[in-house]
Amino acid sequence: MQPGRRNAGVVLAVVLLSARASAQGLGDERAIRHHLVDGEEFQLTVQELVAHGQALFTANWTIQEGGGRPLTKGTGNPLTDPTTPLTFPRAFNRISAPDANSCAGCHNAPFGIPGGGGDIVGNVFVLGQRFDFATFDHDDPTPTRGAVDESGRFPLLQEIANSRATLGMFGSGFIEMLARQMTQQLQVIRDRIVPGGSGDLVANGVSFGTLSRNPDGSWDTSLVTGIAPPSLTSTGPTNPPSLIVRPFHQAGNVISLRQFTNNAMNHHHGIQTVERFGAGVDADQDGFVDELSIADTTAASVFQATMAVPGRVIPDDPVVENAVQAGEDLFVAVGCPACHVPCLNLNNQNWIFSEPNPYNPSGNLRPRDAYVQTFGTYAVDLTADTLPQPRLKPSKTGVVQVPAFTDLKLHDITSGPNDPNHEPLNMQFAPGSPEFFAGNSQFITKKLWGCANEPPFFHHGQFTTMRQAIEAHAGEAAAARANYLQLGAQGQNAIIEFLKTLRVLPPDTRSRVVDENGLPKKWRDFPYDCSKN
């Protein structure tokens with residue numbers, strides 16, 4: 001080989017390698033290489049959109065695509081102290097977040113299913129995100145920077161946030177559609193109330209108390225129950241309370257899967273969505289804009305909405321079968337369905353999930369937004385056989401029964417502020433307000449479907465057994481708890497055996513009721529009249 005010939009070959013190889021690296025993205029460490037552009041969601045099949053949504057949900061976000069939020073709190077507001085950005089070694093914080101690389105990092109149980117529940121190690125410290133970077137440093141006097149709260153106190157670990165268990169999103173599309181249907185029913189009743197009149201708020205057979213109007217037309221919500229405070233605000237006769245049922249978060253604070261997604265992406269991962277932060281806006285000043293497009297957010301929401309619904313596993317053991325059957329009867333007899341309503345019905349084809357939710361708050365895509373006016377509303381039939389199994393189906397009477405064992409209503413299930421199940425902060429009120437620091441004892445009725453293999457239990461996830469969770473019920477649930485305790489060991493065990501059948505099934509299980517081998521199993525109808533709900 002002639003002198004210089006070898007060098008020329010090396011140079012040529014480097015040039016070719018550089019070209020290939022540019023074309024193939026060699027050295028690229030982004031989790032998502034392709035983001036949907038405006039309107040692209042309508043060009044994909046449902047399966048393709050769900051697959052993209054799952055990819056977003058399982059993505060381990062990196063700083064090469066905007067992961068992290070150097071100058072933004074988890075609330076979306078600027079840092080209290082921008083001189084100490086959330087960059088290494090302050091990029092992650094278990095309490096104030098960012099606290100996870102991926103949604104599936106916490107939502108992964110059982111069977112490793114993305115979108116499922118999580119171990120207590122995945123608990124979220126709700127409201128800790130109002131701090132820049134939680135440090136508990138008593139030499140730091142600046143409120144909400146690292147140690148001092150809005151009141152000027154140095155909170156303890158147990159007081160800085162509400163520790164909450166990671167919830168499974170199984171069947172969540174049906175849950176959101178139930179909440180929309182119930183909201184619409186409540187608003188119809190509201191709109192019929194004249195000044196000086198009142199109306200009983202009943203939706204899907206669930207009573208939310210009484211809404212009244214004063215003679216001057218102003219609204220009186222003092223007798224309304226089970227609806228989150230933000231849905232009860234009113235500023236005058238022409239601005240009535242929205243009465244929106246908020247089915248997500250243990251305290252019933254989030255209206256839709258879309259709102260849940262927009263909030264969580266920024267809070268946990270530092271990924272800013274276009275619809276919340278604006279197109280071309282680098283809110284956290286990390287050098288990236290448009291980190292998640294509107295179409296991306298639709299995909300992530302639809303992925304969660306179309307997750308399979310839970311079912312039941314009932315072993316082929318006569319002793320267990322008898323106990324389960326007795327447990328079903330006793331569950332009803334002791335009064336559990338007063339809150340854990342065995343089934344709520346969707347009618348009028350309300351099982352067609354659509355984006356966006358018409359009740360979305362500002363900062364989330366809404367029907368009147370220009371994007372929707374341009375591209376339209378995305379819709380998917382939640383009962384379709386092409387979606388992940390198992391699936392709920394309409395009855396011959398045109399109703400889909402959703403056996404989630406909830407009334408989507410808030411209840412006080414504690415014995416008061418000194419109850420260890422009482423939360424130190426109330427996310428329904430403005431941070432720093434007296435109501436905020438008074439704490440929270442109102443929780444949305446736990447959806448029991450799938451509960452048996454989604455431990456840990458209760459809103460805080462500190463109970464390892466369902467029995468502990470039952471025995472912790474107080475307040476509005478005190479009577480049912482007392483009835484349960486009076487059953488004695490045999491009756492209590494029967495109820496536990498019934499609850500143990502409510503499970504998330506392995507992926508693509510076709511039947512909602514199976515035996516321990518996954519084979520379809522015939523079982524009686526649940527001993528409760530679902531037609532009224």
# chains A, B, ... in the order shown; residues from 1 in each chain; ligands from 1
call {"tool": "residues_around", "arguments": {"residues": "A:Asp132", "least_positions_apart": "3", "cutoff": "10 Å", "atoms": "only C-alpha atoms", "output": "VMD selection string"}}
result
chain A and resid 70 to 75 77 to 82 84 to 86 90 93 96 to 97 128 to 129 135 143 to 147
call {"tool": "select_by_dssp", "arguments": {"residues": "stretch 392-439 of chain A", "states": "strand (DSSP E or B)", "output": "list in words"}}
result
Val400, Gln401, Val402, Leu410, His411, Asp412 and Glu423 of chain A
call {"tool": "write_last_selection", "arguments": {"atoms": "N, CA, C and O atoms", "output": "PDB file, in the first residue's frame"}}
result
ATOM      1  N   VAL A 400     -73.944  -0.830  29.321  1.00  0.00           N
ATOM      2  CA  VAL A 400     -72.694  -1.474  29.737  1.00  0.00           C
ATOM      3  C   VAL A 400     -72.590  -1.358  31.245  1.00  0.00           C
ATOM      4  O   VAL A 400     -72.539  -0.252  31.793  1.00  0.00           O
ATOM      5  N   GLN A 401     -72.614  -2.498  31.923  1.00  0.00           N
ATOM      6  CA  GLN A 401     -72.449  -2.514  33.368  1.00  0.00           C
ATOM      7  C   GLN A 401     -70.964  -2.479  33.703  1.00  0.00           C
ATOM      8  O   GLN A 401     -70.202  -3.311  33.228  1.00  0.00           O
ATOM      9  N   VAL A 402     -70.571  -1.497  34.522  1.00  0.00           N
ATOM     10  CA  VAL A 402     -69.171  -1.337  34.909  1.00  0.00           C
ATOM     11  C   VAL A 402     -69.031  -1.791  36.362  1.00  0.00           C
ATOM     12  O   VAL A 402     -69.380  -1.060  37.295  1.00  0.00           O
ATOM     13  N   LEU A 410     -66.792  11.238  47.048  1.00  0.00           N
ATOM     14  CA  LEU A 410     -65.879  11.441  48.162  1.00  0.00           C
ATOM     15  C   LEU A 410     -66.580  11.146  49.481  1.00  0.00           C
ATOM     16  O   LEU A 410     -67.726  11.543  49.688  1.00  0.00           O
ATOM     17  N   HIS A 411     -65.870  10.439  50.370  1.00  0.00           N
ATOM     18  CA  HIS A 411     -66.406  10.121  51.696  1.00  0.00           C
ATOM     19  C   HIS A 411     -65.328  10.357  52.755  1.00  0.00           C
ATOM     20  O   HIS A 411     -64.134  10.142  52.502  1.00  0.00           O
ATOM     21  N   ASP A 412     -65.761  10.756  53.935  1.00  0.00           N
ATOM     22  CA  ASP A 412     -64.858  10.851  55.081  1.00  0.00           C
ATOM     23  C   ASP A 412     -64.832   9.480  55.741  1.00  0.00           C
ATOM     24  O   ASP A 412     -65.808   9.052  56.354  1.00  0.00           O
ATOM     25  N   GLU A 423     -54.936  12.803  56.183  1.00  0.00           N
ATOM     26  CA  GLU A 423     -53.773  13.373  55.502  1.00  0.00           C
ATOM     27  C   GLU A 423     -53.435  14.757  56.055  1.00  0.00           C
ATOM     28  O   GLU A 423     -54.330  15.523  56.417  1.00  0.00           O
TER      29      GLU A 423
END
call {"tool": "select_by_dssp", "arguments": {"residues": "stretch 335-494 of chain A", "states": "alpha helix (DSSP H)", "output": "PyMOL selection string"}}
result
chain A and resi 370-375+434-437+466-471+478-486+488-494
call {"tool": "write_last_selection", "arguments": {"atoms": "N, CA, C and O atoms", "output": "CSV table (one decimal), in the first residue's frame"}}
result
chain,number,residue,atom,x,y,z
A,370,ALA,N,-58.9,25.7,19.3
A,370,ALA,CA,-58.7,25.7,17.8
A,370,ALA,C,-58.2,24.4,17.3
A,370,ALA,O,-58.6,24.0,16.2
A,371,TYR,N,-57.4,23.6,18.1
A,371,TYR,CA,-56.9,22.3,17.6
A,371,TYR,C,-58.1,21.4,17.3
A,371,TYR,O,-58.1,20.7,16.3
A,372,VAL,N,-59.1,21.4,18.2
A,372,VAL,CA,-60.2,20.5,18.0
A,372,VAL,C,-61.1,21.0,16.8
A,372,VAL,O,-61.6,20.2,16.0
A,373,GLN,N,-61.2,22.3,16.7
A,373,GLN,CA,-62.0,22.9,15.6
A,373,GLN,C,-61.4,22.5,14.3
A,373,GLN,O,-62.1,22.4,13.3
A,374,THR,N,-60.1,22.4,14.3
A,374,THR,CA,-59.3,22.1,13.0
A,374,THR,C,-59.4,20.6,12.7
A,374,THR,O,-59.7,20.2,11.6
A,375,PHE,N,-59.1,19.8,13.7
A,375,PHE,CA,-58.9,18.3,13.4
A,375,PHE,C,-60.0,17.5,13.9
A,375,PHE,O,-60.2,16.3,13.5
A,434,PRO,N,-55.6,28.3,55.2
A,434,PRO,CA,-56.0,27.5,56.4
A,434,PRO,C,-56.6,26.1,56.1
A,434,PRO,O,-56.3,25.1,56.7
A,435,GLU,N,-57.4,26.1,55.0
A,435,GLU,CA,-58.1,24.8,54.6
A,435,GLU,C,-57.0,23.8,54.1
A,435,GLU,O,-57.2,22.6,54.3
A,436,PHE,N,-56.0,24.3,53.4
A,436,PHE,CA,-54.9,23.5,52.9
A,436,PHE,C,-54.2,22.8,54.1
A,436,PHE,O,-54.0,21.6,54.1
A,437,PHE,N,-53.9,23.5,55.1
A,437,PHE,CA,-53.1,23.0,56.2
A,437,PHE,C,-54.0,22.2,57.2
A,437,PHE,O,-53.5,21.6,58.1
A,466,MET,N,-55.9,-6.7,52.8
A,466,MET,CA,-57.2,-6.1,52.6
A,466,MET,C,-58.0,-6.0,53.9
A,466,MET,O,-58.7,-5.1,54.2
A,467,ARG,N,-57.7,-7.0,54.8
A,467,ARG,CA,-58.3,-7.0,56.1
A,467,ARG,C,-58.0,-5.8,56.9
A,467,ARG,O,-58.8,-5.2,57.6
A,468,GLN,N,-56.7,-5.4,56.9
A,468,GLN,CA,-56.3,-4.1,57.6
A,468,GLN,C,-57.1,-2.9,57.0
A,468,GLN,O,-57.5,-2.1,57.8
A,469,ALA,N,-57.2,-2.9,55.7
A,469,ALA,CA,-57.9,-1.8,55.1
A,469,ALA,C,-59.4,-1.7,55.6
A,469,ALA,O,-59.9,-0.6,55.8
A,470,ILE,N,-60.0,-2.8,55.6
A,470,ILE,CA,-61.4,-2.9,56.1
A,470,ILE,C,-61.5,-2.4,57.5
A,470,ILE,O,-62.4,-1.5,57.9
A,471,GLU,N,-60.6,-2.9,58.4
A,471,GLU,CA,-60.7,-2.5,59.8
A,471,GLU,C,-60.3,-1.1,60.1
A,471,GLU,O,-60.6,-0.6,61.1
A,478,ALA,N,-68.2,3.8,59.4
A,478,ALA,CA,-68.1,3.2,60.7
A,478,ALA,C,-69.2,2.1,60.9
A,478,ALA,O,-68.9,1.0,61.5
A,479,ALA,N,-70.4,2.3,60.4
A,479,ALA,CA,-71.5,1.3,60.6
A,479,ALA,C,-71.2,0.0,59.8
A,479,ALA,O,-71.4,-1.1,60.4
A,480,ALA,N,-70.7,0.1,58.6
A,480,ALA,CA,-70.4,-1.1,57.8
A,480,ALA,C,-69.2,-1.8,58.5
A,480,ALA,O,-69.2,-3.1,58.5
A,481,ARG,N,-68.3,-1.1,59.0
A,481,ARG,CA,-67.1,-1.7,59.7
A,481,ARG,C,-67.6,-2.4,60.9
A,481,ARG,O,-67.2,-3.6,61.2
A,482,ALA,N,-68.5,-1.8,61.7
A,482,ALA,CA,-69.0,-2.5,62.9
A,482,ALA,C,-69.8,-3.7,62.5
A,482,ALA,O,-69.7,-4.8,63.2
A,483,ASN,N,-70.6,-3.7,61.4
A,483,ASN,CA,-71.3,-4.9,61.0
A,483,ASN,C,-70.3,-6.0,60.6
A,483,ASN,O,-70.5,-7.2,60.9
A,484,TYR,N,-69.3,-5.6,59.9
A,484,TYR,CA,-68.2,-6.6,59.5
A,484,TYR,C,-67.6,-7.2,60.8
A,484,TYR,O,-67.4,-8.5,60.8
A,485,LEU,N,-67.3,-6.4,61.7
A,485,LEU,CA,-66.6,-7.0,62.9
A,485,LEU,C,-67.5,-7.9,63.7
A,485,LEU,O,-67.1,-8.9,64.4
A,486,GLN,N,-68.8,-7.7,63.6
A,486,GLN,CA,-69.8,-8.5,64.3
A,486,GLN,C,-70.0,-9.9,63.7
A,486,GLN,O,-70.6,-10.8,64.3
A,488,GLY,N,-67.8,-12.1,63.1
A,488,GLY,CA,-67.0,-13.2,63.6
A,488,GLY,C,-66.0,-13.7,62.5
A,488,GLY,O,-66.1,-13.3,61.4
A,489,ALA,N,-65.1,-14.5,62.9
A,489,ALA,CA,-64.0,-15.0,62.0
A,489,ALA,C,-64.5,-15.6,60.7
A,489,ALA,O,-64.0,-15.3,59.6
A,490,GLN,N,-65.6,-16.5,60.8
A,490,GLN,CA,-66.0,-17.2,59.6
A,490,GLN,C,-66.6,-16.2,58.6
A,490,GLN,O,-66.3,-16.3,57.4
A,491,GLY,N,-67.4,-15.3,59.0
A,491,GLY,CA,-68.0,-14.3,58.1
A,491,GLY,C,-67.0,-13.4,57.5
A,491,GLY,O,-67.0,-13.1,56.3
A,492,GLN,N,-66.1,-12.9,58.4
A,492,GLN,CA,-65.0,-12.0,57.9
A,492,GLN,C,-64.1,-12.7,56.9
A,492,GLN,O,-63.8,-12.1,55.8
A,493,ASN,N,-63.8,-14.0,57.1
A,493,ASN,CA,-63.0,-14.7,56.2
A,493,ASN,C,-63.7,-14.9,54.9
A,493,ASN,O,-63.0,-14.9,53.8
A,494,ALA,N,-65.0,-15.1,54.9
A,494,ALA,CA,-65.8,-15.2,53.7
A,494,ALA,C,-65.7,-14.0,52.8
A,494,ALA,O,-65.5,-14.0,51.6
call {"tool": "atom_distance", "arguments": {"atom1": "atom CA of A:Ile444", "atom2": "atom CA of A:Val206"}}
result
13.2 Å
call {"tool": "closest_residue", "arguments": {"among": "A:Ala203, A:Val121, A:Leu392, A:Val224", "to": "A:Arg510", "atoms": "only C-alpha atoms"}}
result
A:Leu392
call {"tool": "residues_around", "arguments": {"residues": "A:Arg246", "least_positions_apart": "6", "cutoff": "7 Å", "atoms": "only C-alpha atoms", "output": "PyMOL selection string"}}
result
chain A and resi 179+252-255
call {"tool": "residues_around", "arguments": {"residues": "A:Ser212", "least_positions_apart": "4", "cutoff": "12 Å", "atoms": "only C-alpha atoms", "output": "list in words"}}
result
Ile189, Arg190, Asp191, Arg192, Ile193, Val194, Pro195, Gly196, Gly197, Ser198, Gly199, Asp200, Leu201, Asp216, Gly217, Ser218, Trp219, Asp220, Thr221, Ser222, Leu223, Val224, Leu232, Pro237, Pro240 and Pro241 of chain A
call {"tool": "decode", "arguments": {"residues": "stretch 478-518 of chain A", "atoms": "N, CA and C atoms", "output": "PDB file, in the first residue's frame"}}
result
ATOM      1  N   ALA A 478     -68.216   3.783  59.353  1.00  0.00           N
ATOM      2  CA  ALA A 478     -68.140   3.160  60.676  1.00  0.00           C
ATOM      3  C   ALA A 478     -69.203   2.076  60.863  1.00  0.00           C
ATOM      4  N   ALA A 479     -70.423   2.308  60.367  1.00  0.00           N
ATOM      5  CA  ALA A 479     -71.493   1.330  60.561  1.00  0.00           C
ATOM      6  C   ALA A 479     -71.186   0.029  59.821  1.00  0.00           C
ATOM      7  N   ALA A 480     -70.727   0.142  58.577  1.00  0.00           N
ATOM      8  CA  ALA A 480     -70.399  -1.059  57.812  1.00  0.00           C
ATOM      9  C   ALA A 480     -69.240  -1.810  58.468  1.00  0.00           C
ATOM     10  N   ARG A 481     -68.257  -1.067  58.978  1.00  0.00           N
ATOM     11  CA  ARG A 481     -67.130  -1.702  59.657  1.00  0.00           C
ATOM     12  C   ARG A 481     -67.620  -2.444  60.907  1.00  0.00           C
ATOM     13  N   ALA A 482     -68.507  -1.823  61.670  1.00  0.00           N
ATOM     14  CA  ALA A 482     -69.035  -2.464  62.875  1.00  0.00           C
ATOM     15  C   ALA A 482     -69.786  -3.745  62.518  1.00  0.00           C
ATOM     16  N   ASN A 483     -70.575  -3.693  61.439  1.00  0.00           N
ATOM     17  CA  ASN A 483     -71.292  -4.889  60.999  1.00  0.00           C
ATOM     18  C   ASN A 483     -70.319  -5.994  60.596  1.00  0.00           C
ATOM     19  N   TYR A 484     -69.254  -5.612  59.931  1.00  0.00           N
ATOM     20  CA  TYR A 484     -68.230  -6.577  59.529  1.00  0.00           C
ATOM     21  C   TYR A 484     -67.598  -7.235  60.753  1.00  0.00           C
ATOM     22  N   LEU A 485     -67.255  -6.444  61.748  1.00  0.00           N
ATOM     23  CA  LEU A 485     -66.606  -6.983  62.947  1.00  0.00           C
ATOM     24  C   LEU A 485     -67.533  -7.915  63.722  1.00  0.00           C
ATOM     25  N   GLN A 486     -68.845  -7.672  63.639  1.00  0.00           N
ATOM     26  CA  GLN A 486     -69.805  -8.512  64.347  1.00  0.00           C
ATOM     27  C   GLN A 486     -69.995  -9.878  63.682  1.00  0.00           C
ATOM     28  N   LEU A 487     -69.495 -10.038  62.471  1.00  0.00           N
ATOM     29  CA  LEU A 487     -69.681 -11.306  61.767  1.00  0.00           C
ATOM     30  C   LEU A 487     -68.926 -12.453  62.418  1.00  0.00           C
ATOM     31  N   GLY A 488     -67.840 -12.129  63.083  1.00  0.00           N
ATOM     32  CA  GLY A 488     -66.977 -13.187  63.596  1.00  0.00           C
ATOM     33  C   GLY A 488     -66.019 -13.661  62.522  1.00  0.00           C
ATOM     34  N   ALA A 489     -65.125 -14.543  62.892  1.00  0.00           N
ATOM     35  CA  ALA A 489     -64.037 -14.966  62.006  1.00  0.00           C
ATOM     36  C   ALA A 489     -64.539 -15.605  60.716  1.00  0.00           C
ATOM     37  N   GLN A 490     -65.561 -16.453  60.823  1.00  0.00           N
ATOM     38  CA  GLN A 490     -66.020 -17.171  59.630  1.00  0.00           C
ATOM     39  C   GLN A 490     -66.587 -16.215  58.587  1.00  0.00           C
ATOM     40  N   GLY A 491     -67.422 -15.300  59.017  1.00  0.00           N
ATOM     41  CA  GLY A 491     -68.014 -14.338  58.085  1.00  0.00           C
ATOM     42  C   GLY A 491     -66.975 -13.385  57.512  1.00  0.00           C
ATOM     43  N   GLN A 492     -66.064 -12.932  58.368  1.00  0.00           N
ATOM     44  CA  GLN A 492     -65.014 -12.031  57.889  1.00  0.00           C
ATOM     45  C   GLN A 492     -64.136 -12.732  56.862  1.00  0.00           C
ATOM     46  N   ASN A 493     -63.795 -13.978  57.137  1.00  0.00           N
ATOM     47  CA  ASN A 493     -62.973 -14.723  56.193  1.00  0.00           C
ATOM     48  C   ASN A 493     -63.677 -14.901  54.851  1.00  0.00           C
ATOM     49  N   ALA A 494     -64.995 -15.082  54.898  1.00  0.00           N
ATOM     50  CA  ALA A 494     -65.759 -15.240  53.656  1.00  0.00           C
ATOM     51  C   ALA A 494     -65.679 -13.972  52.812  1.00  0.00           C
ATOM     52  N   ILE A 495     -65.804 -12.809  53.450  1.00  0.00           N
ATOM     53  CA  ILE A 495     -65.700 -11.552  52.701  1.00  0.00           C
ATOM     54  C   ILE A 495     -64.306 -11.403  52.107  1.00  0.00           C
ATOM     55  N   ILE A 496     -63.290 -11.761  52.867  1.00  0.00           N
ATOM     56  CA  ILE A 496     -61.927 -11.687  52.334  1.00  0.00           C
ATOM     57  C   ILE A 496     -61.781 -12.608  51.127  1.00  0.00           C
ATOM     58  N   GLU A 497     -62.347 -13.818  51.208  1.00  0.00           N
ATOM     59  CA  GLU A 497     -62.257 -14.740  50.079  1.00  0.00           C
ATOM     60  C   GLU A 497     -62.953 -14.174  48.846  1.00  0.00           C
ATOM     61  N   PHE A 498     -64.075 -13.486  49.058  1.00  0.00           N
ATOM     62  CA  PHE A 498     -64.734 -12.824  47.923  1.00  0.00           C
ATOM     63  C   PHE A 498     -63.827 -11.758  47.331  1.00  0.00           C
ATOM     64  N   LEU A 499     -63.252 -10.908  48.183  1.00  0.00           N
ATOM     65  CA  LEU A 499     -62.396  -9.827  47.680  1.00  0.00           C
ATOM     66  C   LEU A 499     -61.168 -10.380  46.967  1.00  0.00           C
ATOM     67  N   LYS A 500     -60.693 -11.538  47.396  1.00  0.00           N
ATOM     68  CA  LYS A 500     -59.526 -12.141  46.760  1.00  0.00           C
ATOM     69  C   LYS A 500     -59.801 -12.574  45.323  1.00  0.00           C
ATOM     70  N   THR A 501     -61.072 -12.667  44.949  1.00  0.00           N
ATOM     71  CA  THR A 501     -61.397 -13.046  43.567  1.00  0.00           C
ATOM     72  C   THR A 501     -61.341 -11.850  42.619  1.00  0.00           C
ATOM     73  N   LEU A 502     -61.327 -10.633  43.137  1.00  0.00           N
ATOM     74  CA  LEU A 502     -61.355  -9.426  42.297  1.00  0.00           C
ATOM     75  C   LEU A 502     -59.929  -9.104  41.861  1.00  0.00           C
ATOM     76  N   ARG A 503     -59.610  -9.490  40.637  1.00  0.00           N
ATOM     77  CA  ARG A 503     -58.203  -9.466  40.224  1.00  0.00           C
ATOM     78  C   ARG A 503     -58.019  -8.886  38.819  1.00  0.00           C
ATOM     79  N   VAL A 504     -56.840  -8.354  38.605  1.00  0.00           N
ATOM     80  CA  VAL A 504     -56.396  -8.049  37.248  1.00  0.00           C
ATOM     81  C   VAL A 504     -55.949  -9.365  36.629  1.00  0.00           C
ATOM     82  N   LEU A 505     -56.439  -9.640  35.442  1.00  0.00           N
ATOM     83  CA  LEU A 505     -56.160 -10.923  34.804  1.00  0.00           C
ATOM     84  C   LEU A 505     -54.935 -10.818  33.895  1.00  0.00           C
ATOM     85  N   PRO A 506     -54.260 -11.931  33.650  1.00  0.00           N
ATOM     86  CA  PRO A 506     -53.112 -11.915  32.733  1.00  0.00           C
ATOM     87  C   PRO A 506     -53.510 -11.333  31.377  1.00  0.00           C
ATOM     88  N   PRO A 507     -52.584 -10.672  30.700  1.00  0.00           N
ATOM     89  CA  PRO A 507     -52.910 -10.044  29.409  1.00  0.00           C
ATOM     90  C   PRO A 507     -53.578 -11.004  28.430  1.00  0.00           C
ATOM     91  N   ASP A 508     -54.589 -10.459  27.737  1.00  0.00           N
ATOM     92  CA  ASP A 508     -55.318 -11.171  26.680  1.00  0.00           C
ATOM     93  C   ASP A 508     -56.182 -12.308  27.185  1.00  0.00           C
ATOM     94  N   THR A 509     -56.480 -12.349  28.491  1.00  0.00           N
ATOM     95  CA  THR A 509     -57.478 -13.291  28.989  1.00  0.00           C
ATOM     96  C   THR A 509     -58.829 -12.878  28.410  1.00  0.00           C
ATOM     97  N   ARG A 510     -59.514 -13.785  27.780  1.00  0.00           N
ATOM     98  CA  ARG A 510     -60.742 -13.412  27.058  1.00  0.00           C
ATOM     99  C   ARG A 510     -61.965 -13.334  27.979  1.00  0.00           C
ATOM    100  N   SER A 511     -62.036 -14.228  28.955  1.00  0.00           N
ATOM    101  CA  SER A 511     -63.192 -14.248  29.855  1.00  0.00           C
ATOM    102  C   SER A 511     -62.904 -13.414  31.096  1.00  0.00           C
ATOM    103  N   ARG A 512     -63.916 -12.753  31.626  1.00  0.00           N
ATOM    104  CA  ARG A 512     -63.741 -11.929  32.822  1.00  0.00           C
ATOM    105  C   ARG A 512     -63.831 -12.769  34.093  1.00  0.00           C
ATOM    106  N   VAL A 513     -64.334 -13.970  34.020  1.00  0.00           N
ATOM    107  CA  VAL A 513     -64.400 -14.857  35.183  1.00  0.00           C
ATOM    108  C   VAL A 513     -63.713 -16.167  34.803  1.00  0.00           C
ATOM    109  N   VAL A 514     -62.642 -16.473  35.528  1.00  0.00           N
ATOM    110  CA  VAL A 514     -61.860 -17.665  35.204  1.00  0.00           C
ATOM    111  C   VAL A 514     -61.547 -18.433  36.482  1.00  0.00           C
ATOM    112  N   ASP A 515     -61.090 -19.690  36.307  1.00  0.00           N
ATOM    113  CA  ASP A 515     -60.640 -20.459  37.449  1.00  0.00           C
ATOM    114  C   ASP A 515     -59.141 -20.229  37.660  1.00  0.00           C
ATOM    115  N   GLU A 516     -58.534 -20.963  38.562  1.00  0.00           N
ATOM    116  CA  GLU A 516     -57.125 -20.739  38.889  1.00  0.00           C
ATOM    117  C   GLU A 516     -56.186 -21.087  37.737  1.00  0.00           C
ATOM    118  N   ASN A 517     -56.717 -21.791  36.716  1.00  0.00           N
ATOM    119  CA  ASN A 517     -55.915 -22.135  35.545  1.00  0.00           C
ATOM    120  C   ASN A 517     -56.175 -21.206  34.368  1.00  0.00           C
ATOM    121  N   GLY A 518     -56.975 -20.181  34.599  1.00  0.00           N
ATOM    122  CA  GLY A 518     -57.270 -19.225  33.539  1.00  0.00           C
ATOM    123  C   GLY A 518     -58.355 -19.656  32.589  1.00  0.00           C
TER     124      GLY A 518
END
